[in-house]
Every structure is written in C-alpha cells, then in structure tokens.
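Have a look at start.cif below; it lists mmCIF, N, CA and C atoms.
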data_work
#
loop_
_atom_site.label_atom_id
_atom_site.label_comp_id
_atom_site.auth_asym_id
_atom_site.auth_seq_id
_atom_site.Cartn_x
_atom_site.Cartn_y
_atom_site.Cartn_z
N MET T 1 -70.66 -87.42 -33.77
CA MET T 1 -69.95 -87.39 -35.03
C MET T 1 -68.48 -87.12 -34.74
N THR T 2 -67.62 -87.95 -35.25
CA THR T 2 -66.19 -87.74 -35.05
C THR T 2 -65.54 -87.10 -36.26
N ASP T 3 -66.26 -87.02 -37.35
CA ASP T 3 -65.74 -86.40 -38.57
C ASP T 3 -65.70 -84.89 -38.38
N ALA T 4 -64.63 -84.26 -38.81
CA ALA T 4 -64.46 -82.83 -38.62
C ALA T 4 -65.24 -82.00 -39.63
N GLU T 5 -65.73 -82.60 -40.67
CA GLU T 5 -66.44 -81.85 -41.68
C GLU T 5 -67.94 -82.02 -41.50
N PRO T 6 -68.74 -81.12 -42.09
CA PRO T 6 -70.19 -81.26 -41.97
C PRO T 6 -70.64 -82.63 -42.46
N GLY T 7 -71.64 -83.17 -41.80
CA GLY T 7 -72.17 -84.46 -42.19
C GLY T 7 -72.96 -84.38 -43.47
N ALA T 8 -73.45 -85.52 -43.90
CA ALA T 8 -74.23 -85.57 -45.13
C ALA T 8 -75.41 -84.63 -45.02
N GLY T 9 -75.61 -83.81 -46.03
CA GLY T 9 -76.72 -82.89 -46.05
C GLY T 9 -76.44 -81.59 -45.30
N GLU T 10 -75.33 -81.50 -44.58
CA GLU T 10 -74.99 -80.26 -43.87
C GLU T 10 -74.18 -79.38 -44.80
N SER T 11 -74.43 -78.11 -44.70
CA SER T 11 -73.65 -77.15 -45.47
C SER T 11 -72.73 -76.40 -44.53
N ALA T 12 -71.52 -76.17 -44.96
CA ALA T 12 -70.59 -75.40 -44.15
C ALA T 12 -71.01 -73.95 -44.11
N GLY T 13 -71.86 -73.51 -45.05
CA GLY T 13 -72.39 -72.16 -45.03
C GLY T 13 -71.40 -71.17 -45.60
N PRO T 14 -71.85 -69.91 -45.73
CA PRO T 14 -70.99 -68.89 -46.29
C PRO T 14 -69.81 -68.60 -45.38
N GLY T 15 -68.67 -68.34 -45.98
CA GLY T 15 -67.49 -67.98 -45.22
C GLY T 15 -66.95 -69.13 -44.39
N ALA T 16 -67.18 -70.36 -44.82
CA ALA T 16 -66.81 -71.50 -43.99
C ALA T 16 -65.41 -72.02 -44.26
N ASP T 17 -64.57 -71.22 -44.89
CA ASP T 17 -63.19 -71.63 -45.15
C ASP T 17 -62.41 -71.61 -43.85
N ASP T 18 -61.73 -72.72 -43.51
CA ASP T 18 -60.97 -72.80 -42.27
C ASP T 18 -59.96 -71.67 -42.14
N SER T 19 -59.41 -71.19 -43.24
CA SER T 19 -58.39 -70.16 -43.16
C SER T 19 -58.93 -68.86 -42.61
N GLN T 20 -60.24 -68.65 -42.68
CA GLN T 20 -60.81 -67.40 -42.19
C GLN T 20 -60.77 -67.31 -40.68
N VAL T 21 -60.67 -68.42 -39.98
CA VAL T 21 -60.58 -68.38 -38.53
C VAL T 21 -59.20 -68.81 -38.07
N GLY T 22 -58.25 -68.86 -38.97
CA GLY T 22 -56.91 -69.31 -38.61
C GLY T 22 -56.31 -68.51 -37.47
N SER T 23 -56.53 -67.22 -37.45
CA SER T 23 -55.95 -66.41 -36.39
C SER T 23 -56.65 -66.64 -35.07
N GLN T 24 -57.87 -67.13 -35.09
CA GLN T 24 -58.59 -67.36 -33.86
C GLN T 24 -58.48 -68.78 -33.37
N ALA T 25 -58.60 -69.73 -34.24
CA ALA T 25 -58.70 -71.12 -33.80
C ALA T 25 -57.45 -71.92 -34.08
N GLY T 26 -56.41 -71.28 -34.51
CA GLY T 26 -55.21 -72.03 -34.85
C GLY T 26 -55.19 -72.25 -36.34
N ASP T 27 -54.29 -73.08 -36.79
CA ASP T 27 -54.21 -73.33 -38.22
C ASP T 27 -55.42 -74.14 -38.69
N ALA T 28 -55.58 -74.21 -39.99
CA ALA T 28 -56.71 -74.94 -40.55
C ALA T 28 -56.73 -76.38 -40.06
N ASP T 29 -55.55 -76.98 -39.87
CA ASP T 29 -55.50 -78.35 -39.38
C ASP T 29 -56.10 -78.47 -37.98
N GLY T 30 -55.98 -77.42 -37.19
CA GLY T 30 -56.55 -77.44 -35.86
C GLY T 30 -58.05 -77.67 -35.88
N LEU T 31 -58.72 -77.04 -36.82
CA LEU T 31 -60.16 -77.22 -36.95
C LEU T 31 -60.48 -78.56 -37.61
N ALA T 32 -59.77 -78.86 -38.66
CA ALA T 32 -60.08 -80.07 -39.42
C ALA T 32 -59.71 -81.33 -38.65
N GLN T 33 -58.67 -81.28 -37.83
CA GLN T 33 -58.20 -82.47 -37.13
C GLN T 33 -58.78 -82.63 -35.73
N ALA T 34 -59.56 -81.66 -35.27
CA ALA T 34 -60.14 -81.76 -33.92
C ALA T 34 -61.08 -82.96 -33.85
N ALA T 35 -61.13 -83.56 -32.67
CA ALA T 35 -62.06 -84.68 -32.44
C ALA T 35 -63.41 -84.09 -32.05
N TYR T 36 -64.39 -84.30 -32.87
CA TYR T 36 -65.73 -83.78 -32.62
C TYR T 36 -66.63 -84.90 -32.12
N PRO T 37 -67.59 -84.61 -31.29
CA PRO T 37 -67.95 -83.28 -30.81
C PRO T 37 -67.02 -82.81 -29.69
N ILE T 38 -66.92 -81.49 -29.56
CA ILE T 38 -66.22 -80.87 -28.43
C ILE T 38 -67.30 -80.60 -27.40
N GLU T 39 -67.23 -81.31 -26.29
CA GLU T 39 -68.33 -81.33 -25.32
C GLU T 39 -68.32 -80.19 -24.32
N ASP T 40 -67.14 -79.62 -24.04
CA ASP T 40 -67.09 -78.60 -23.00
C ASP T 40 -65.87 -77.70 -23.19
N PHE T 41 -65.74 -76.73 -22.30
CA PHE T 41 -64.66 -75.76 -22.42
C PHE T 41 -63.29 -76.41 -22.28
N ALA T 42 -63.16 -77.40 -21.42
CA ALA T 42 -61.87 -78.09 -21.26
C ALA T 42 -61.41 -78.73 -22.56
N GLN T 43 -62.33 -79.35 -23.28
CA GLN T 43 -61.98 -79.95 -24.58
C GLN T 43 -61.65 -78.87 -25.60
N LEU T 44 -62.35 -77.74 -25.53
CA LEU T 44 -62.06 -76.63 -26.44
C LEU T 44 -60.65 -76.11 -26.21
N LEU T 45 -60.25 -75.99 -24.95
CA LEU T 45 -58.88 -75.56 -24.65
C LEU T 45 -57.85 -76.53 -25.20
N ALA T 46 -58.16 -77.82 -25.14
CA ALA T 46 -57.24 -78.82 -25.67
C ALA T 46 -57.03 -78.63 -27.17
N VAL T 47 -58.06 -78.21 -27.87
CA VAL T 47 -57.96 -77.99 -29.32
C VAL T 47 -57.24 -76.68 -29.61
N LEU T 48 -57.61 -75.61 -28.89
CA LEU T 48 -57.06 -74.29 -29.19
C LEU T 48 -55.69 -74.04 -28.57
N GLY T 49 -55.45 -74.59 -27.41
CA GLY T 49 -54.25 -74.26 -26.64
C GLY T 49 -54.56 -73.08 -25.73
N HIS T 50 -53.95 -73.08 -24.56
CA HIS T 50 -54.25 -72.08 -23.54
C HIS T 50 -53.86 -70.66 -23.95
N ASP T 51 -52.82 -70.51 -24.75
CA ASP T 51 -52.32 -69.18 -25.07
C ASP T 51 -52.89 -68.59 -26.35
N ARG T 52 -53.70 -69.36 -27.08
CA ARG T 52 -54.28 -68.87 -28.33
C ARG T 52 -55.19 -67.68 -28.03
N LEU T 53 -55.05 -66.59 -28.79
CA LEU T 53 -55.90 -65.43 -28.60
C LEU T 53 -57.19 -65.60 -29.38
N LEU T 54 -58.30 -65.31 -28.71
CA LEU T 54 -59.62 -65.36 -29.33
C LEU T 54 -60.22 -63.97 -29.33
N LEU T 55 -60.94 -63.63 -30.36
CA LEU T 55 -61.67 -62.37 -30.39
C LEU T 55 -63.04 -62.65 -29.79
N VAL T 56 -63.26 -62.13 -28.58
CA VAL T 56 -64.50 -62.35 -27.87
C VAL T 56 -65.04 -61.00 -27.41
N ARG T 57 -66.23 -60.68 -27.86
CA ARG T 57 -66.90 -59.43 -27.47
C ARG T 57 -66.02 -58.21 -27.75
N GLY T 58 -65.34 -58.23 -28.89
CA GLY T 58 -64.55 -57.09 -29.31
C GLY T 58 -63.17 -56.99 -28.70
N ALA T 59 -62.76 -57.96 -27.89
CA ALA T 59 -61.44 -57.91 -27.27
C ALA T 59 -60.72 -59.23 -27.52
N GLU T 60 -59.39 -59.15 -27.68
CA GLU T 60 -58.59 -60.36 -27.80
C GLU T 60 -58.32 -60.89 -26.40
N VAL T 61 -58.68 -62.16 -26.20
CA VAL T 61 -58.59 -62.79 -24.89
C VAL T 61 -57.87 -64.13 -25.04
N PRO T 62 -56.93 -64.44 -24.15
CA PRO T 62 -56.32 -65.78 -24.21
C PRO T 62 -57.41 -66.84 -24.03
N ALA T 63 -57.30 -67.91 -24.77
CA ALA T 63 -58.31 -68.97 -24.69
C ALA T 63 -58.52 -69.43 -23.25
N SER T 64 -57.44 -69.48 -22.47
CA SER T 64 -57.56 -69.95 -21.09
C SER T 64 -58.43 -69.03 -20.23
N ASP T 65 -58.59 -67.77 -20.64
CA ASP T 65 -59.42 -66.81 -19.89
C ASP T 65 -60.81 -66.64 -20.50
N ALA T 66 -61.07 -67.31 -21.60
CA ALA T 66 -62.33 -67.10 -22.31
C ALA T 66 -63.50 -67.92 -21.75
N GLY T 67 -63.23 -68.85 -20.87
CA GLY T 67 -64.28 -69.72 -20.35
C GLY T 67 -65.44 -68.98 -19.74
N GLN T 68 -65.15 -67.91 -19.02
CA GLN T 68 -66.22 -67.15 -18.39
C GLN T 68 -67.01 -66.32 -19.39
N LEU T 69 -66.51 -66.19 -20.62
CA LEU T 69 -67.17 -65.38 -21.63
C LEU T 69 -67.93 -66.22 -22.66
N ILE T 70 -67.69 -67.52 -22.66
CA ILE T 70 -68.35 -68.39 -23.63
C ILE T 70 -69.58 -69.02 -22.99
N PRO T 71 -70.75 -68.74 -23.56
CA PRO T 71 -71.99 -69.27 -22.97
C PRO T 71 -72.00 -70.80 -22.99
N PRO T 72 -72.53 -71.43 -21.95
CA PRO T 72 -72.58 -72.90 -21.89
C PRO T 72 -73.35 -73.53 -23.06
N TYR T 73 -74.32 -72.80 -23.61
CA TYR T 73 -75.11 -73.37 -24.70
C TYR T 73 -74.32 -73.48 -26.00
N TYR T 74 -73.09 -73.00 -26.05
CA TYR T 74 -72.25 -73.18 -27.23
C TYR T 74 -71.78 -74.61 -27.38
N PHE T 75 -71.94 -75.41 -26.35
CA PHE T 75 -71.49 -76.79 -26.37
C PHE T 75 -72.67 -77.74 -26.46
N PRO T 76 -72.52 -78.85 -27.14
CA PRO T 76 -71.31 -79.31 -27.82
C PRO T 76 -71.09 -78.59 -29.15
N ILE T 77 -69.85 -78.62 -29.61
CA ILE T 77 -69.49 -78.13 -30.94
C ILE T 77 -69.41 -79.39 -31.80
N SER T 78 -70.29 -79.49 -32.79
CA SER T 78 -70.47 -80.76 -33.49
C SER T 78 -69.50 -81.02 -34.64
N ASN T 79 -68.98 -79.98 -35.28
CA ASN T 79 -68.07 -80.17 -36.42
C ASN T 79 -67.35 -78.86 -36.70
N SER T 80 -66.48 -78.85 -37.69
CA SER T 80 -65.68 -77.65 -37.95
C SER T 80 -66.54 -76.47 -38.40
N ALA T 81 -67.61 -76.72 -39.13
CA ALA T 81 -68.50 -75.62 -39.54
C ALA T 81 -69.18 -75.00 -38.32
N ASP T 82 -69.61 -75.84 -37.39
CA ASP T 82 -70.22 -75.36 -36.15
C ASP T 82 -69.19 -74.57 -35.34
N PHE T 83 -67.94 -75.06 -35.31
CA PHE T 83 -66.84 -74.39 -34.62
C PHE T 83 -66.65 -72.98 -35.19
N ARG T 84 -66.52 -72.89 -36.50
CA ARG T 84 -66.33 -71.59 -37.16
C ARG T 84 -67.48 -70.65 -36.87
N SER T 85 -68.69 -71.15 -36.94
CA SER T 85 -69.88 -70.34 -36.71
C SER T 85 -69.89 -69.78 -35.30
N LYS T 86 -69.56 -70.60 -34.33
CA LYS T 86 -69.59 -70.15 -32.93
C LYS T 86 -68.46 -69.17 -32.64
N LEU T 87 -67.28 -69.38 -33.24
CA LEU T 87 -66.19 -68.42 -33.07
C LEU T 87 -66.57 -67.06 -33.66
N ALA T 88 -67.21 -67.07 -34.83
CA ALA T 88 -67.64 -65.82 -35.46
C ALA T 88 -68.68 -65.12 -34.59
N ASP T 89 -69.60 -65.91 -34.01
CA ASP T 89 -70.63 -65.34 -33.15
C ASP T 89 -70.00 -64.69 -31.91
N LEU T 90 -69.02 -65.36 -31.31
CA LEU T 90 -68.35 -64.80 -30.13
C LEU T 90 -67.70 -63.46 -30.45
N ALA T 91 -67.10 -63.35 -31.62
CA ALA T 91 -66.42 -62.13 -32.01
C ALA T 91 -67.40 -60.97 -32.17
N GLU T 92 -68.63 -61.28 -32.54
CA GLU T 92 -69.61 -60.23 -32.83
C GLU T 92 -70.49 -59.85 -31.65
N LEU T 93 -70.40 -60.57 -30.53
CA LEU T 93 -71.20 -60.21 -29.37
C LEU T 93 -70.84 -58.81 -28.90
N ALA T 94 -71.80 -58.13 -28.30
CA ALA T 94 -71.56 -56.78 -27.80
C ALA T 94 -70.45 -56.81 -26.75
N PRO T 95 -69.60 -55.80 -26.75
CA PRO T 95 -68.53 -55.76 -25.75
C PRO T 95 -69.10 -55.75 -24.33
N LEU T 96 -68.37 -56.38 -23.44
CA LEU T 96 -68.76 -56.39 -22.04
C LEU T 96 -68.44 -55.05 -21.39
N THR T 97 -69.32 -54.62 -20.53
CA THR T 97 -69.06 -53.42 -19.75
C THR T 97 -68.57 -53.85 -18.37
N GLU T 98 -68.04 -52.92 -17.62
CA GLU T 98 -67.59 -53.23 -16.26
C GLU T 98 -68.77 -53.73 -15.42
N GLN T 99 -69.96 -53.16 -15.64
CA GLN T 99 -71.15 -53.60 -14.90
C GLN T 99 -71.52 -55.03 -15.27
N ASP T 100 -71.38 -55.41 -16.55
CA ASP T 100 -71.65 -56.79 -16.96
C ASP T 100 -70.77 -57.76 -16.18
N LEU T 101 -69.48 -57.44 -16.09
CA LEU T 101 -68.55 -58.30 -15.38
C LEU T 101 -68.90 -58.38 -13.90
N HIS T 102 -69.23 -57.24 -13.31
CA HIS T 102 -69.60 -57.21 -11.89
C HIS T 102 -70.83 -58.08 -11.65
N ASP T 103 -71.85 -57.94 -12.51
CA ASP T 103 -73.08 -58.72 -12.36
C ASP T 103 -72.81 -60.21 -12.50
N GLU T 104 -71.96 -60.57 -13.48
CA GLU T 104 -71.65 -61.99 -13.69
C GLU T 104 -70.95 -62.58 -12.47
N TRP T 105 -69.98 -61.86 -11.93
CA TRP T 105 -69.25 -62.37 -10.76
C TRP T 105 -70.16 -62.43 -9.54
N ALA T 106 -71.07 -61.47 -9.40
CA ALA T 106 -72.01 -61.51 -8.28
C ALA T 106 -72.91 -62.74 -8.38
N GLN T 107 -73.37 -63.06 -9.59
CA GLN T 107 -74.20 -64.26 -9.80
C GLN T 107 -73.41 -65.52 -9.49
N ARG T 108 -72.17 -65.58 -9.93
CA ARG T 108 -71.34 -66.76 -9.65
C ARG T 108 -71.10 -66.92 -8.15
N GLU T 109 -70.81 -65.81 -7.49
CA GLU T 109 -70.57 -65.84 -6.05
C GLU T 109 -71.81 -66.31 -5.30
N ALA T 110 -72.97 -65.81 -5.69
CA ALA T 110 -74.22 -66.24 -5.05
C ALA T 110 -74.46 -67.72 -5.29
N GLY T 111 -74.18 -68.20 -6.48
CA GLY T 111 -74.34 -69.62 -6.79
C GLY T 111 -73.41 -70.49 -5.96
N LEU T 112 -72.17 -70.05 -5.80
CA LEU T 112 -71.21 -70.80 -4.99
C LEU T 112 -71.63 -70.80 -3.52
N ALA T 113 -72.10 -69.67 -3.04
CA ALA T 113 -72.55 -69.59 -1.65
C ALA T 113 -73.73 -70.53 -1.43
N GLN T 114 -74.64 -70.58 -2.38
CA GLN T 114 -75.80 -71.47 -2.26
C GLN T 114 -75.36 -72.93 -2.31
N ALA T 115 -74.44 -73.24 -3.20
CA ALA T 115 -73.93 -74.62 -3.29
C ALA T 115 -73.26 -75.04 -1.99
N ALA T 116 -72.49 -74.14 -1.40
CA ALA T 116 -71.84 -74.46 -0.13
C ALA T 116 -72.87 -74.66 0.98
N ALA T 117 -73.88 -73.79 1.00
CA ALA T 117 -74.94 -73.93 2.01
C ALA T 117 -75.67 -75.25 1.84
N ASP T 118 -75.95 -75.63 0.60
CA ASP T 118 -76.64 -76.88 0.33
C ASP T 118 -75.78 -78.07 0.76
N CYS T 119 -74.49 -77.95 0.54
CA CYS T 119 -73.56 -79.02 0.87
C CYS T 119 -73.50 -79.26 2.38
N TRP T 120 -73.54 -78.18 3.15
CA TRP T 120 -73.39 -78.28 4.60
C TRP T 120 -74.71 -78.45 5.33
N SER T 121 -75.81 -78.39 4.62
CA SER T 121 -77.10 -78.54 5.31
C SER T 121 -77.63 -79.95 5.25
#

Taking this structure as input, can you express it in the form of structure tokens?
Amino acid sequence: MTDAEPGAGESAGPGADDSQVGSQAGDADGLAQAAYPIEDFAQLLAVLGHDRLLLVRGAEVPASDAGQLIPPYYFPISNSADFRSKLADLAELAPLTEQDLHDEWAQREAGLAQAAADCWS
C-alpha cells in the first residue's frame, strides 16, 4: 500500500491524530507524505531524519541511534496509523537497564563471530 492513510475498512484507532506524534515523527506531513510501506530501519530514517529525537523506552534518542532499540518485527510499517501505533508502543516499553544493553551487545557479538566463522569455513 502506498497510501499513507488506513486502507478501506481500517480504522486509525483512538488517538490517531498525526499531531499527537509530531514531536516524535516530525510534522504531520512527515507521516502523511511518507511512502508506505516502510520496509526497514533505513527507510524509517529517511522519513524521520537522523537527528529527530524519538521517545524509546523512556529516553529521548536520536533516530540514528534508535536502530538497536527498535525490534525487527516492527517492520514493515504499512500506513500512518501503523506508524503512530508503533511509535507509541516504543515510548511505552520498559526502560533498558545496563544489563539489558550488555546482554544485547553480547548476543550481537556472538552472532557476528558465528557469521565470520561460517564465512571462513
């Protein structure tokens, strides 16, 4: 779907006014004019801009640094209502602890080490 609004039969749901996420996702035009679906984090950055601050897990984070905090299952983002819903969900996730970050980096490092081993074997 390339239309920025919910498709036929879709409801934008409660609180679906673009202005409510203006501080997170840019101006209302940013949501309404985005090319949907947004397939991955790189496309999301193109819509938001690298310096846009997002509220993720209780902290304001530049969009360019939010990739490690946004779960892969958030993609694709199908329309502006889906975009708003996922931004709201990110804001409400439990704050990350230092141990959470350590565990995530350890998992990434192990995955990279395995990928390198697979590549060279």

Tell me which protein, DNA and RNA residues are within 12 Å of Pro72 of chain T, counting only C-alpha atoms, leaving out same-chain ones fewer than 5 positions away, and put them as a PyMOL selection string.
chain T and resi 39-42+66-67+77+86

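Take atom N of Gln107 of chain T and atom C of Trp120 of chain T: the distance between them is 21.5 Å.
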
Gap from atom CA of Gly49 of chain T to atom CA of Leu93 of chain T - Å, one decimal
22.2 Å

List every protein, DNA or RNA residue that has an atom no more than 6 Å from (-69.5, -66.9, -13.4) in the file's coordinate frame, counting only C-alpha atoms, and report them as a PyMOL selection string.
chain T and resi 68+104-105+108

Residues selected by the PyMOL selection byres ((chain T and resi 92) around 7), written as a PDB file with N, CA and C atoms, keeping the file's coordinate frame:
ATOM      1  N   LEU T  55     -60.940 -63.630 -30.360  1.00  0.00           N
ATOM      2  CA  LEU T  55     -61.670 -62.370 -30.390  1.00  0.00           C
ATOM      3  C   LEU T  55     -63.040 -62.650 -29.790  1.00  0.00           C
ATOM      4  N   VAL T  56     -63.260 -62.130 -28.580  1.00  0.00           N
ATOM      5  CA  VAL T  56     -64.500 -62.350 -27.870  1.00  0.00           C
ATOM      6  C   VAL T  56     -65.040 -61.000 -27.410  1.00  0.00           C
ATOM      7  N   ARG T  57     -66.230 -60.680 -27.860  1.00  0.00           N
ATOM      8  CA  ARG T  57     -66.900 -59.430 -27.470  1.00  0.00           C
ATOM      9  C   ARG T  57     -66.020 -58.210 -27.750  1.00  0.00           C
ATOM     10  N   GLY T  58     -65.340 -58.230 -28.890  1.00  0.00           N
ATOM     11  CA  GLY T  58     -64.550 -57.090 -29.310  1.00  0.00           C
ATOM     12  C   GLY T  58     -63.170 -56.990 -28.700  1.00  0.00           C
ATOM     13  N   LEU T  87     -67.280 -69.380 -33.240  1.00  0.00           N
ATOM     14  CA  LEU T  87     -66.190 -68.420 -33.070  1.00  0.00           C
ATOM     15  C   LEU T  87     -66.570 -67.060 -33.660  1.00  0.00           C
ATOM     16  N   ALA T  88     -67.210 -67.070 -34.830  1.00  0.00           N
ATOM     17  CA  ALA T  88     -67.640 -65.820 -35.460  1.00  0.00           C
ATOM     18  C   ALA T  88     -68.680 -65.120 -34.590  1.00  0.00           C
ATOM     19  N   ASP T  89     -69.600 -65.910 -34.010  1.00  0.00           N
ATOM     20  CA  ASP T  89     -70.630 -65.340 -33.150  1.00  0.00           C
ATOM     21  C   ASP T  89     -70.000 -64.690 -31.910  1.00  0.00           C
ATOM     22  N   LEU T  90     -69.020 -65.360 -31.310  1.00  0.00           N
ATOM     23  CA  LEU T  90     -68.350 -64.800 -30.130  1.00  0.00           C
ATOM     24  C   LEU T  90     -67.700 -63.460 -30.450  1.00  0.00           C
ATOM     25  N   ALA T  91     -67.100 -63.350 -31.620  1.00  0.00           N
ATOM     26  CA  ALA T  91     -66.420 -62.130 -32.010  1.00  0.00           C
ATOM     27  C   ALA T  91     -67.400 -60.970 -32.170  1.00  0.00           C
ATOM     28  N   LEU T  93     -70.400 -60.570 -30.530  1.00  0.00           N
ATOM     29  CA  LEU T  93     -71.200 -60.210 -29.370  1.00  0.00           C
ATOM     30  C   LEU T  93     -70.840 -58.810 -28.900  1.00  0.00           C
ATOM     31  N   ALA T  94     -71.800 -58.130 -28.300  1.00  0.00           N
ATOM     32  CA  ALA T  94     -71.560 -56.780 -27.800  1.00  0.00           C
ATOM     33  C   ALA T  94     -70.450 -56.810 -26.750  1.00  0.00           C
ATOM     34  N   PRO T  95     -69.600 -55.800 -26.750  1.00  0.00           N
ATOM     35  CA  PRO T  95     -68.530 -55.760 -25.750  1.00  0.00           C
ATOM     36  C   PRO T  95     -69.100 -55.750 -24.330  1.00  0.00           C
TER      37      PRO T  95
END

Can you sort out the box for segment 56-65 of chain T, edges along x, y and z, all listed atoms in, 8 Å on every side, with centre and edge lengths in Å to one decimal, as lines of an AutoDock Vina configuration file?
center_x = -61.6
center_y = -63.5
center_z = -24.6
size_x = 26.6
size_y = 29.0
size_z = 25.4

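Note that atom C of Leu45 of chain T and atom C of Ala81 of chain T are 17.4 Å apart.
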
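Across segment 45-74 of chain T, DSSP run on the backbone finds alpha helix (DSSP H) at Leu45, Ala46, Val47 and Leu48 of chain T.
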